[in-house]
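Chemist: Let me give you the structure first, and then I'll get to my questions.
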Amino acid sequence: MNPKEIIIRPVITERSMKGLSVEEGVAVKYTFEVAKKANKIEIAKAVEACFPDVKVIKVNTMHVRGRHRRQGRFEGTTPAWKKAIVTVSPDSKPIEFFEGLI
């Protein structure tokens with residue numbers, strides 16, 4: 001798989017922004033929506049390929065269930081997706097996209 005196909009989008013929530021606390025010598029955690037079929041090794045390689053100055057230490061993945069939604073009398077669910085929390089080494093450069101959000 002192409003690294004751009006594995007990493008779909010960054011997840012920007014209050015909880016994911018807490019992992020971005022920039023302190024000296026502390027690993028930083030970034031959250032991404034990833035392809036459902038991607039495993040941890042593929043995700044780590046894709047992050048290092050997309051962001052060249054980043055060294056991945058650990059990847060945690062989870063499946064997020066679709067939520068039940070209603071619009072008037074119609075019911076349905078949002079699509080299920082896969083989330084990856086990528087821990088980056090403290091000596092690597094920060095990802096530029098997340099820098100403006102802190």
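In the structure tokens, chains take letters A, B, ... by order of appearance, with residues numbered from 1 within each chain and ligands from 1 in the order shown.
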Would you list, as a list in words, the residues of stretch 38-102 of chain A that end up in helix (DSSP H, G or I) under DSSP run on this structure's backbone?
Modeler: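 Those residues are Lys40, Ile41, Glu42, Ile43, Ala44, Lys45, Ala46, Val47, Glu48, Ala49, Cys50, Glu96, Phe97, Phe98 and Glu99 of chain A.
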Chemist: Based on the selection just made, write C-alpha atoms of those residues as a PDB file, in the first residue's frame.
Modeler:
```
ATOM      1  CA  LYS A  40       0.950  -1.468  13.107  1.00  0.00           C
ATOM      2  CA  ILE A  41       4.141  -2.051  11.113  1.00  0.00           C
ATOM      3  CA  GLU A  42       2.628  -0.578   7.935  1.00  0.00           C
ATOM      4  CA  ILE A  43       1.329   2.426   9.883  1.00  0.00           C
ATOM      5  CA  ALA A  44       4.754   3.107  11.423  1.00  0.00           C
ATOM      6  CA  LYS A  45       6.461   2.903   8.020  1.00  0.00           C
ATOM      7  CA  ALA A  46       3.820   5.166   6.442  1.00  0.00           C
ATOM      8  CA  VAL A  47       4.263   7.857   9.117  1.00  0.00           C
ATOM      9  CA  GLU A  48       8.051   7.770   8.715  1.00  0.00           C
ATOM     10  CA  ALA A  49       7.665   7.969   4.914  1.00  0.00           C
ATOM     11  CA  CYS A  50       5.194  10.881   4.968  1.00  0.00           C
ATOM     12  CA  GLU A  96       4.259  20.732  11.021  1.00  0.00           C
ATOM     13  CA  PHE A  97       0.519  20.194  10.570  1.00  0.00           C
ATOM     14  CA  PHE A  98      -0.049  19.860  14.319  1.00  0.00           C
ATOM     15  CA  GLU A  99       2.217  22.782  15.251  1.00  0.00           C
TER      16      GLU A  99
END
```
Chemist: Need the shell around stretch 8-16 of chain A: protein/DNA/RNA residues with any atom at most 10 Å away, counting only C-alpha atoms. Skip same-chain ones fewer than 4 positions apart. Format as an MDAnalysis selection string?
Modeler: chainID A and resid 3:4 20 29:35 82:85 97:98 101
Chemist: Would you mind telling me which residue in A:Ile57, A:Met17, A:Val64, A:Ile7 lies nearest to A:Asp91 when using only C-alpha atoms?
Modeler: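 Once distances to A:Asp91 are computed over only C-alpha atoms, the minimum belongs to A:Ile57.
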Chemist: Please give the complete set of residues from chain A that DSSP, run on the backbone, assigns to strand (DSSP E or B), formatted as a PyMOL selection string.
Modeler: chain A and resi 7-10+28-34+56-64+68-71+74-77+81-88
Chemist: Give the answer as one residue: which of A:Gly66, A:Pro52, A:Pro90, A:Gly76 has the shortest atom-to-atom distance to A:Val28, using only C-alpha atoms?
Modeler: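 Result for the nearest residue to A:Val28: A:Pro90.
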Chemist: Calculated over only C-alpha atoms, which of the candidates A:Val26, A:Val88, A:Ala38, A:Ile6 has the smallest distance to A:Thr61?
Modeler: A:Ala38
Chemist: Please list as a PyMOL selection string every residue within 7 Å of A:Asp53, counting only C-alpha atoms and excluding residues in the same chain fewer than 2 positions away.
Modeler: chain A and resi 51+55+92-93
Chemist: For those residues, write C-alpha atoms to a file as a compact mmCIF listing (two decimals), in the first residue's frame.
Modeler:
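Once written, selection.txt looks like this:
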```txt
# COMPACT_ATOMS: atom_id res chain seq x y z
CA PHE A 51 7.11 12.85 7.61
CA LYS A 55 11.12 8.40 14.31
CA SER A 92 12.54 13.79 16.35
CA LYS A 93 11.15 16.95 14.79
```
Chemist: What is the atom CA of A:Asn2 to atom CA of A:Pro79 distance in Å?
Modeler: 22.5 Å
Chemist: Distance atom CA of A:Pro94-atom CA of A:Asn39, one decimal place?
Modeler: 23.2 Å
Chemist: Could you tell me how far atom CA of A:Val86 lies from atom CA of A:His68, in Å and to one decimal?
Modeler: 27.8 Å
